[in-house]
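Working notes, structure below.
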Amino acid sequence: MSEPKHNITPYKRLGFRLKKLRETSHQSLAEVSGAVEIEPENLASIENGEYRPSEDVLLLLISHFDPKEDEAVRIWELAGYDERPTTADESANTKPIIMMVQPDNRVIYSDAVNVVGGPQGFVINFLQTQGKGEALAISRVGMSREQAFKVFEAIGQSLQSKTSEPRLLPSPRDSVDD
């Protein structure tokens with residue numbers, strides 16, 4: 001009598017759909033994993049159908065790819081979650097949550113950086129190397145492409161300047177045409 005076969009890729013259809021969305025949007029594993037803040041290896045395992053992402057990660061992936069509502073619902077169902085995710089139209093009818101966070105003015109110095117970019121923007125990972133050359137992310141900053149150009153310009157001007165005066169970037173609200 002043969003042993004029952006164990007499905008080693010229980011979420012193969014879910015992974016296939018997510019991989020297809022990533023490839024259709026011409027993004028690498030690194031770009032998408034950076035955008036949703038998971039390791040590229042974890043995203044590869046999800047795309048291979050080895051395991052299902054948590055509800056939070058799946059919502060981030062759906063939000064990142066922004067598929068049509070029926071595709072988003074199908075992805076949610078393939079993951080085996082009971083309730084369907086809330087769409088942007090449905091969530092527009094709810095009250096926004098406002099959270100006040102005390103700013104942290106400490107300066108953390110890094111000795112390495114990793115930048116992951118795509119059509120929507122960039123995630124800059126500031127790293128600090130540990131004992132055996134391993135790098136630990138100490139800060140992560142995400143921004144639009146437009147803001148990235150402004151940061152690049154401000155850093156260039158500061159490097160050329162003889163003073164160490166801090167340079168402030170214009171607020172995104174300041175750059176909106178009236």
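Ligands are numbered from 1 in the order shown, residues from 1 within each chain, and chains are lettered A, B, ... in the order they appear in the structure tokens.
Using only C-alpha atoms, the residues found no farther than 12 Å from Glu77 (chain A), other than those of its own chain fewer than 3 positions away, are Tyr11, Arg13, Leu14, Arg17, Arg52, Glu55, Leu58, Asp70, Glu71, Ala72, Val73, Arg74, Gly80, Tyr81, Asp82, Glu83, Arg84 and Pro85 of chain A.
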I'd like the neighbourhood of Asn114 (chain A) as a PDB file with all heavy atoms, in the first residue's frame, where a residue qualifies if any of its atoms comes within 8 Å (using only C-alpha atoms), though same-chain residues fewer than 5 positions away should be ignored.
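Produced file part.pdb, reproduced below:
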ATOM      1  N   ILE A 124      14.690  53.087   0.964  1.00  0.00           N
ATOM      2  CA  ILE A 124      16.112  53.168   1.292  1.00  0.00           C
ATOM      3  C   ILE A 124      16.311  52.493   2.641  1.00  0.00           C
ATOM      4  O   ILE A 124      15.693  52.878   3.634  1.00  0.00           O
ATOM      5  CB  ILE A 124      16.594  54.633   1.365  1.00  0.00           C
ATOM      6  CG1 ILE A 124      16.313  55.343   0.037  1.00  0.00           C
ATOM      7  CG2 ILE A 124      18.075  54.694   1.722  1.00  0.00           C
ATOM      8  CD1 ILE A 124      16.580  56.834   0.081  1.00  0.00           C
ATOM      9  N   ASN A 125      17.152  51.473   2.657  1.00  0.00           N
ATOM     10  CA  ASN A 125      17.472  50.746   3.879  1.00  0.00           C
ATOM     11  C   ASN A 125      18.850  51.202   4.349  1.00  0.00           C
ATOM     12  O   ASN A 125      19.844  50.957   3.659  1.00  0.00           O
ATOM     13  CB  ASN A 125      17.489  49.233   3.617  1.00  0.00           C
ATOM     14  CG  ASN A 125      16.139  48.729   3.172  1.00  0.00           C
ATOM     15  OD1 ASN A 125      15.192  48.783   3.914  1.00  0.00           O
ATOM     16  ND2 ASN A 125      16.062  48.253   1.940  1.00  0.00           N
ATOM     17  N   PHE A 126      18.897  51.876   5.475  1.00  0.00           N
ATOM     18  CA  PHE A 126      20.171  52.269   6.054  1.00  0.00           C
ATOM     19  C   PHE A 126      20.624  51.116   6.938  1.00  0.00           C
ATOM     20  O   PHE A 126      19.875  50.636   7.780  1.00  0.00           O
ATOM     21  CB  PHE A 126      20.016  53.565   6.862  1.00  0.00           C
ATOM     22  CG  PHE A 126      19.680  54.739   5.987  1.00  0.00           C
ATOM     23  CD1 PHE A 126      18.368  55.136   5.808  1.00  0.00           C
ATOM     24  CD2 PHE A 126      20.680  55.424   5.320  1.00  0.00           C
ATOM     25  CE1 PHE A 126      18.052  56.206   4.991  1.00  0.00           C
ATOM     26  CE2 PHE A 126      20.376  56.506   4.499  1.00  0.00           C
ATOM     27  CZ  PHE A 126      19.056  56.897   4.335  1.00  0.00           C
ATOM     28  N   LEU A 127      21.856  50.674   6.735  1.00  0.00           N
ATOM     29  CA  LEU A 127      22.361  49.470   7.385  1.00  0.00           C
ATOM     30  C   LEU A 127      23.559  49.779   8.257  1.00  0.00           C
ATOM     31  O   LEU A 127      24.266  50.764   8.047  1.00  0.00           O
ATOM     32  CB  LEU A 127      22.766  48.443   6.314  1.00  0.00           C
ATOM     33  CG  LEU A 127      21.747  48.164   5.211  1.00  0.00           C
ATOM     34  CD1 LEU A 127      22.386  47.373   4.094  1.00  0.00           C
ATOM     35  CD2 LEU A 127      20.546  47.439   5.764  1.00  0.00           C
TER      36      LEU A 127
END
Backbone DSSP call of alpha helix (DSSP H) for region 6-37 of chain A, listed as an mmCIF file with all heavy atoms, in the first residue's frame:
data_model
loop_
_atom_site.group_PDB
_atom_site.id
_atom_site.type_symbol
_atom_site.label_atom_id
_atom_site.label_comp_id
_atom_site.auth_asym_id
_atom_site.auth_seq_id
_atom_site.Cartn_x
_atom_site.Cartn_y
_atom_site.Cartn_z
ATOM 1 N N LYS A 12 -0.101 26.674 -4.147
ATOM 2 C CA LYS A 12 0.506 26.832 -5.467
ATOM 3 C C LYS A 12 -0.287 27.812 -6.335
ATOM 4 O O LYS A 12 0.298 28.670 -6.997
ATOM 5 C CB LYS A 12 0.612 25.475 -6.160
ATOM 6 C CG LYS A 12 1.380 25.511 -7.445
ATOM 7 C CD LYS A 12 1.617 24.122 -7.985
ATOM 8 C CE LYS A 12 2.539 24.190 -9.185
ATOM 9 N NZ LYS A 12 2.998 22.880 -9.585
ATOM 10 N N ARG A 13 -1.622 27.713 -6.335
ATOM 11 C CA ARG A 13 -2.432 28.613 -7.162
ATOM 12 C C ARG A 13 -2.339 30.057 -6.671
ATOM 13 O O ARG A 13 -2.264 30.989 -7.472
ATOM 14 C CB ARG A 13 -3.876 28.128 -7.199
ATOM 15 C CG ARG A 13 -3.986 26.832 -7.999
ATOM 16 C CD ARG A 13 -5.342 26.211 -8.029
ATOM 17 N NE ARG A 13 -6.434 27.170 -8.164
ATOM 18 C CZ ARG A 13 -7.689 26.876 -7.927
ATOM 19 N NH1 ARG A 13 -8.042 25.668 -7.548
ATOM 20 N NH2 ARG A 13 -8.633 27.784 -8.065
ATOM 21 N N LEU A 14 -2.323 30.248 -5.351
ATOM 22 C CA LEU A 14 -2.158 31.587 -4.788
ATOM 23 C C LEU A 14 -0.801 32.155 -5.204
ATOM 24 O O LEU A 14 -0.710 33.283 -5.681
ATOM 25 C CB LEU A 14 -2.263 31.545 -3.264
ATOM 26 C CG LEU A 14 -1.870 32.832 -2.518
ATOM 27 C CD1 LEU A 14 -2.844 33.959 -2.846
ATOM 28 C CD2 LEU A 14 -1.812 32.569 -1.027
ATOM 29 N N GLY A 15 0.250 31.369 -5.024
ATOM 30 C CA GLY A 15 1.591 31.818 -5.382
ATOM 31 C C GLY A 15 1.714 32.154 -6.850
ATOM 32 O O GLY A 15 2.344 33.155 -7.229
ATOM 33 N N PHE A 16 1.100 31.325 -7.698
ATOM 34 C CA PHE A 16 1.142 31.572 -9.140
ATOM 35 C C PHE A 16 0.510 32.920 -9.478
ATOM 36 O O PHE A 16 1.046 33.691 -10.261
ATOM 37 C CB PHE A 16 0.425 30.437 -9.890
ATOM 38 C CG PHE A 16 0.338 30.665 -11.370
ATOM 39 C CD1 PHE A 16 1.440 30.405 -12.180
ATOM 40 C CD2 PHE A 16 -0.829 31.148 -11.946
ATOM 41 C CE1 PHE A 16 1.370 30.625 -13.556
ATOM 42 C CE2 PHE A 16 -0.901 31.370 -13.314
ATOM 43 C CZ PHE A 16 0.199 31.106 -14.126
ATOM 44 N N ARG A 17 -0.640 33.214 -8.861
ATOM 45 C CA ARG A 17 -1.326 34.493 -9.132
ATOM 46 C C ARG A 17 -0.492 35.681 -8.670
ATOM 47 O O ARG A 17 -0.394 36.684 -9.361
ATOM 48 C CB ARG A 17 -2.681 34.532 -8.423
ATOM 49 C CG ARG A 17 -3.687 33.611 -9.026
ATOM 50 C CD ARG A 17 -4.837 34.376 -9.599
ATOM 51 N NE ARG A 17 -5.709 33.437 -10.277
ATOM 52 C CZ ARG A 17 -6.984 33.599 -10.411
ATOM 53 N NH1 ARG A 17 -7.564 34.658 -9.921
ATOM 54 N NH2 ARG A 17 -7.712 32.728 -11.059
ATOM 55 N N LEU A 18 0.110 35.553 -7.480
ATOM 56 C CA LEU A 18 0.924 36.661 -6.968
ATOM 57 C C LEU A 18 2.164 36.870 -7.841
ATOM 58 O O LEU A 18 2.547 37.999 -8.141
ATOM 59 C CB LEU A 18 1.316 36.395 -5.515
ATOM 60 C CG LEU A 18 0.162 36.457 -4.512
ATOM 61 C CD1 LEU A 18 0.612 35.977 -3.144
ATOM 62 C CD2 LEU A 18 -0.416 37.867 -4.427
ATOM 63 N N LYS A 19 2.782 35.775 -8.266
ATOM 64 C CA LYS A 19 3.962 35.876 -9.129
ATOM 65 C C LYS A 19 3.584 36.504 -10.467
ATOM 66 O O LYS A 19 4.315 37.349 -10.999
ATOM 67 C CB LYS A 19 4.571 34.496 -9.353
ATOM 68 C CG LYS A 19 5.854 34.539 -10.159
ATOM 69 C CD LYS A 19 6.491 33.169 -10.233
ATOM 70 C CE LYS A 19 7.829 33.246 -10.964
ATOM 71 N NZ LYS A 19 8.520 31.950 -10.962
ATOM 72 N N LYS A 20 2.426 36.133 -11.002
ATOM 73 C CA LYS A 20 1.976 36.696 -12.267
ATOM 74 C C LYS A 20 1.747 38.203 -12.135
ATOM 75 O O LYS A 20 2.108 38.973 -13.024
ATOM 76 C CB LYS A 20 0.705 35.995 -12.737
ATOM 77 C CG LYS A 20 0.281 36.409 -14.114
ATOM 78 C CD LYS A 20 -0.864 35.580 -14.619
ATOM 79 C CE LYS A 20 -1.238 36.060 -16.020
ATOM 80 N NZ LYS A 20 -2.299 35.292 -16.610
ATOM 81 N N LEU A 21 1.153 38.630 -11.018
ATOM 82 C CA LEU A 21 0.961 40.065 -10.785
ATOM 83 C C LEU A 21 2.299 40.794 -10.721
ATOM 84 O O LEU A 21 2.457 41.876 -11.283
ATOM 85 C CB LEU A 21 0.182 40.298 -9.485
ATOM 86 C CG LEU A 21 -1.313 40.032 -9.520
ATOM 87 C CD1 LEU A 21 -1.902 40.123 -8.121
ATOM 88 C CD2 LEU A 21 -2.015 41.017 -10.449
ATOM 89 N N ARG A 22 3.282 40.183 -10.042
ATOM 90 C CA ARG A 22 4.607 40.808 -9.932
ATOM 91 C C ARG A 22 5.265 40.909 -11.296
ATOM 92 O O ARG A 22 5.801 41.958 -11.662
ATOM 93 C CB ARG A 22 5.498 40.013 -8.966
ATOM 94 C CG ARG A 22 6.895 40.600 -8.825
ATOM 95 C CD ARG A 22 7.754 39.835 -7.861
ATOM 96 N NE ARG A 22 7.959 38.440 -8.197
ATOM 97 C CZ ARG A 22 8.820 38.014 -9.134
ATOM 98 N NH1 ARG A 22 9.525 38.864 -9.830
ATOM 99 N NH2 ARG A 22 8.957 36.713 -9.352
ATOM 100 N N GLU A 23 5.228 39.825 -12.059
ATOM 101 C CA GLU A 23 5.878 39.824 -13.368
ATOM 102 C C GLU A 23 5.164 40.762 -14.339
ATOM 103 O O GLU A 23 5.812 41.436 -15.139
ATOM 104 C CB GLU A 23 5.930 38.403 -13.920
ATOM 105 C CG GLU A 23 6.916 37.532 -13.157
ATOM 106 C CD GLU A 23 6.898 36.071 -13.584
ATOM 107 O OE1 GLU A 23 5.924 35.629 -14.256
ATOM 108 O OE2 GLU A 23 7.871 35.367 -13.243
ATOM 109 N N THR A 24 3.844 40.837 -14.260
ATOM 110 C CA THR A 24 3.085 41.747 -15.123
ATOM 111 C C THR A 24 3.447 43.196 -14.832
ATOM 112 O O THR A 24 3.474 44.028 -15.734
ATOM 113 C CB THR A 24 1.565 41.525 -14.930
ATOM 114 O OG1 THR A 24 1.270 40.166 -15.237
ATOM 115 C CG2 THR A 24 0.743 42.435 -15.811
ATOM 116 N N LEU A 29 11.720 40.409 -7.334
ATOM 117 C CA LEU A 29 11.409 39.948 -5.975
ATOM 118 C C LEU A 29 11.871 40.979 -4.951
ATOM 119 O O LEU A 29 11.165 41.273 -3.989
ATOM 120 C CB LEU A 29 12.101 38.613 -5.693
ATOM 121 C CG LEU A 29 11.399 37.351 -6.154
ATOM 122 C CD1 LEU A 29 12.325 36.156 -6.028
ATOM 123 C CD2 LEU A 29 10.133 37.113 -5.373
ATOM 124 N N ALA A 30 13.055 41.537 -5.164
ATOM 125 C CA ALA A 30 13.604 42.511 -4.214
ATOM 126 C C ALA A 30 12.744 43.763 -4.130
ATOM 127 O O ALA A 30 12.524 44.296 -3.042
ATOM 128 C CB ALA A 30 15.035 42.879 -4.602
ATOM 129 N N GLU A 31 12.248 44.235 -5.276
ATOM 130 C CA GLU A 31 11.417 45.439 -5.271
ATOM 131 C C GLU A 31 10.123 45.221 -4.496
ATOM 132 O O GLU A 31 9.751 46.032 -3.650
ATOM 133 C CB GLU A 31 11.099 45.871 -6.702
ATOM 134 C CG GLU A 31 12.291 46.430 -7.442
ATOM 135 C CD GLU A 31 12.007 46.670 -8.917
ATOM 136 O OE1 GLU A 31 11.303 45.834 -9.532
ATOM 137 O OE2 GLU A 31 12.504 47.676 -9.438
ATOM 138 N N VAL A 32 9.448 44.122 -4.781
ATOM 139 C CA VAL A 32 8.168 43.867 -4.119
ATOM 140 C C VAL A 32 8.375 43.543 -2.646
ATOM 141 O O VAL A 32 7.651 44.047 -1.787
ATOM 142 C CB VAL A 32 7.391 42.739 -4.839
ATOM 143 C CG1 VAL A 32 6.121 42.380 -4.072
ATOM 144 C CG2 VAL A 32 7.054 43.160 -6.263
ATOM 145 N N SER A 33 9.379 42.728 -2.340
ATOM 146 C CA SER A 33 9.604 42.388 -0.930
ATOM 147 C C SER A 33 9.988 43.635 -0.138
ATOM 148 O O SER A 33 9.591 43.783 1.009
ATOM 149 C CB SER A 33 10.665 41.295 -0.794
ATOM 150 O OG SER A 33 11.912 41.751 -1.265
ATOM 151 N N GLY A 34 10.739 44.538 -0.746
ATOM 152 C CA GLY A 34 11.070 45.796 -0.077
ATOM 153 C C GLY A 34 9.851 46.663 0.154
ATOM 154 O O GLY A 34 9.701 47.293 1.199
ATOM 155 N N ALA A 35 8.952 46.673 -0.824
ATOM 156 C CA ALA A 35 7.741 47.492 -0.705
ATOM 157 C C ALA A 35 6.819 46.995 0.388
ATOM 158 O O ALA A 35 6.156 47.792 1.056
ATOM 159 C CB ALA A 35 7.003 47.530 -2.042
ATOM 160 N N VAL A 36 6.751 45.674 0.581
ATOM 161 C CA VAL A 36 5.850 45.130 1.601
ATOM 162 C C VAL A 36 6.602 44.709 2.863
ATOM 163 O O VAL A 36 6.018 44.140 3.776
ATOM 164 C CB VAL A 36 4.989 43.961 1.069
ATOM 165 C CG1 VAL A 36 4.106 44.433 -0.069
ATOM 166 C CG2 VAL A 36 5.832 42.796 0.633
#
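Across the structure, CA of Gly131 (chain A) and CA of Leu43 (chain A) are spaced 27.2 Å apart.
Taking CA of Gln27 (chain A) and CA of Val151 (chain A) as endpoints, the distance between them is 23.2 Å.
Put simply, CA of Tyr109 (chain A) is 7.8 Å away from CA of Gln128 (chain A).
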task: Write out as a list in words all residues of region 6-160 of chain A that backbone DSSP assigns to strand (DSSP E or B).
output: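 Residues meeting the strand (DSSP E or B) criterion: Ala112, Val113, Asn114, Val115, Val116, Gly117, Gly121, Phe122, Val123, Ile124, Asn125, Phe126, Leu127, Gln128, Thr129, Ala135, Leu136, Ala137, Ile138, Ser139, Arg140, Val141, Gly142, Met143 and Ser144 of chain A.
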How would the residues just chosen look if you wrote them out with N, CA and C atoms as an mmCIF file, in the first residue's frame?
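Here's the written file part-v6.cif:
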data_model
loop_
_atom_site.group_PDB
_atom_site.id
_atom_site.type_symbol
_atom_site.label_atom_id
_atom_site.label_comp_id
_atom_site.auth_asym_id
_atom_site.auth_seq_id
_atom_site.Cartn_x
_atom_site.Cartn_y
_atom_site.Cartn_z
ATOM 1 N N ALA A 112 26.330 51.530 5.689
ATOM 2 C CA ALA A 112 25.971 50.901 4.418
ATOM 3 C C ALA A 112 24.533 51.283 4.077
ATOM 4 N N VAL A 113 24.202 51.157 2.828
ATOM 5 C CA VAL A 113 22.848 51.485 2.385
ATOM 6 C C VAL A 113 22.448 50.527 1.269
ATOM 7 N N ASN A 114 21.148 50.235 1.215
ATOM 8 C CA ASN A 114 20.569 49.411 0.161
ATOM 9 C C ASN A 114 19.344 50.151 -0.331
ATOM 10 N N VAL A 115 19.258 50.360 -1.636
ATOM 11 C CA VAL A 115 18.132 51.082 -2.211
ATOM 12 C C VAL A 115 17.375 50.147 -3.132
ATOM 13 N N VAL A 116 16.066 50.037 -2.912
ATOM 14 C CA VAL A 116 15.198 49.229 -3.765
ATOM 15 C C VAL A 116 14.199 50.189 -4.387
ATOM 16 N N GLY A 117 14.155 50.202 -5.721
ATOM 17 C CA GLY A 117 13.283 51.155 -6.390
ATOM 18 C C GLY A 117 12.413 50.510 -7.432
ATOM 19 N N GLY A 121 8.226 54.271 -6.544
ATOM 20 C CA GLY A 121 9.096 54.970 -5.613
ATOM 21 C C GLY A 121 10.237 54.102 -5.138
ATOM 22 N N PHE A 122 10.800 54.480 -4.018
ATOM 23 C CA PHE A 122 11.990 53.838 -3.500
ATOM 24 C C PHE A 122 11.848 53.522 -2.016
ATOM 25 N N VAL A 123 12.558 52.499 -1.578
ATOM 26 C CA VAL A 123 12.740 52.223 -0.164
ATOM 27 C C VAL A 123 14.244 52.225 0.065
ATOM 28 N N ILE A 124 14.690 53.087 0.964
ATOM 29 C CA ILE A 124 16.112 53.168 1.292
ATOM 30 C C ILE A 124 16.311 52.493 2.641
ATOM 31 N N ASN A 125 17.152 51.473 2.657
ATOM 32 C CA ASN A 125 17.472 50.746 3.879
ATOM 33 C C ASN A 125 18.850 51.202 4.349
ATOM 34 N N PHE A 126 18.897 51.876 5.475
ATOM 35 C CA PHE A 126 20.171 52.269 6.054
ATOM 36 C C PHE A 126 20.624 51.116 6.938
ATOM 37 N N LEU A 127 21.856 50.674 6.735
ATOM 38 C CA LEU A 127 22.361 49.470 7.385
ATOM 39 C C LEU A 127 23.559 49.779 8.257
ATOM 40 N N GLN A 128 23.805 48.893 9.204
ATOM 41 C CA GLN A 128 25.003 48.957 10.022
ATOM 42 C C GLN A 128 25.567 47.539 10.059
ATOM 43 N N THR A 129 26.846 47.418 9.675
ATOM 44 C CA THR A 129 27.429 46.082 9.620
ATOM 45 C C THR A 129 27.721 45.587 11.028
ATOM 46 N N ALA A 135 24.882 42.736 7.671
ATOM 47 C CA ALA A 135 24.305 44.069 7.794
ATOM 48 C C ALA A 135 22.921 43.987 8.429
ATOM 49 N N LEU A 136 22.667 44.911 9.335
ATOM 50 C CA LEU A 136 21.382 44.993 10.029
ATOM 51 C C LEU A 136 20.723 46.314 9.645
ATOM 52 N N ALA A 137 19.475 46.261 9.192
ATOM 53 C CA ALA A 137 18.746 47.485 8.850
ATOM 54 C C ALA A 137 18.447 48.246 10.140
ATOM 55 N N ILE A 138 18.907 49.487 10.205
ATOM 56 C CA ILE A 138 18.661 50.299 11.396
ATOM 57 C C ILE A 138 17.597 51.358 11.146
ATOM 58 N N SER A 139 17.312 51.600 9.865
ATOM 59 C CA SER A 139 16.265 52.544 9.518
ATOM 60 C C SER A 139 15.845 52.281 8.077
ATOM 61 N N ARG A 140 14.537 52.474 7.823
ATOM 62 C CA ARG A 140 14.010 52.302 6.472
ATOM 63 C C ARG A 140 13.172 53.521 6.141
ATOM 64 N N VAL A 141 13.358 54.045 4.937
ATOM 65 C CA VAL A 141 12.613 55.215 4.512
ATOM 66 C C VAL A 141 12.049 54.948 3.127
ATOM 67 N N GLY A 142 10.756 55.149 2.966
ATOM 68 C CA GLY A 142 10.116 55.012 1.668
ATOM 69 C C GLY A 142 9.724 56.370 1.146
ATOM 70 N N MET A 143 9.787 56.538 -0.185
ATOM 71 C CA MET A 143 9.431 57.824 -0.780
ATOM 72 C C MET A 143 9.059 57.651 -2.242
ATOM 73 N N SER A 144 8.343 58.629 -2.760
ATOM 74 C CA SER A 144 7.974 58.627 -4.173
ATOM 75 C C SER A 144 9.207 58.952 -5.005
#
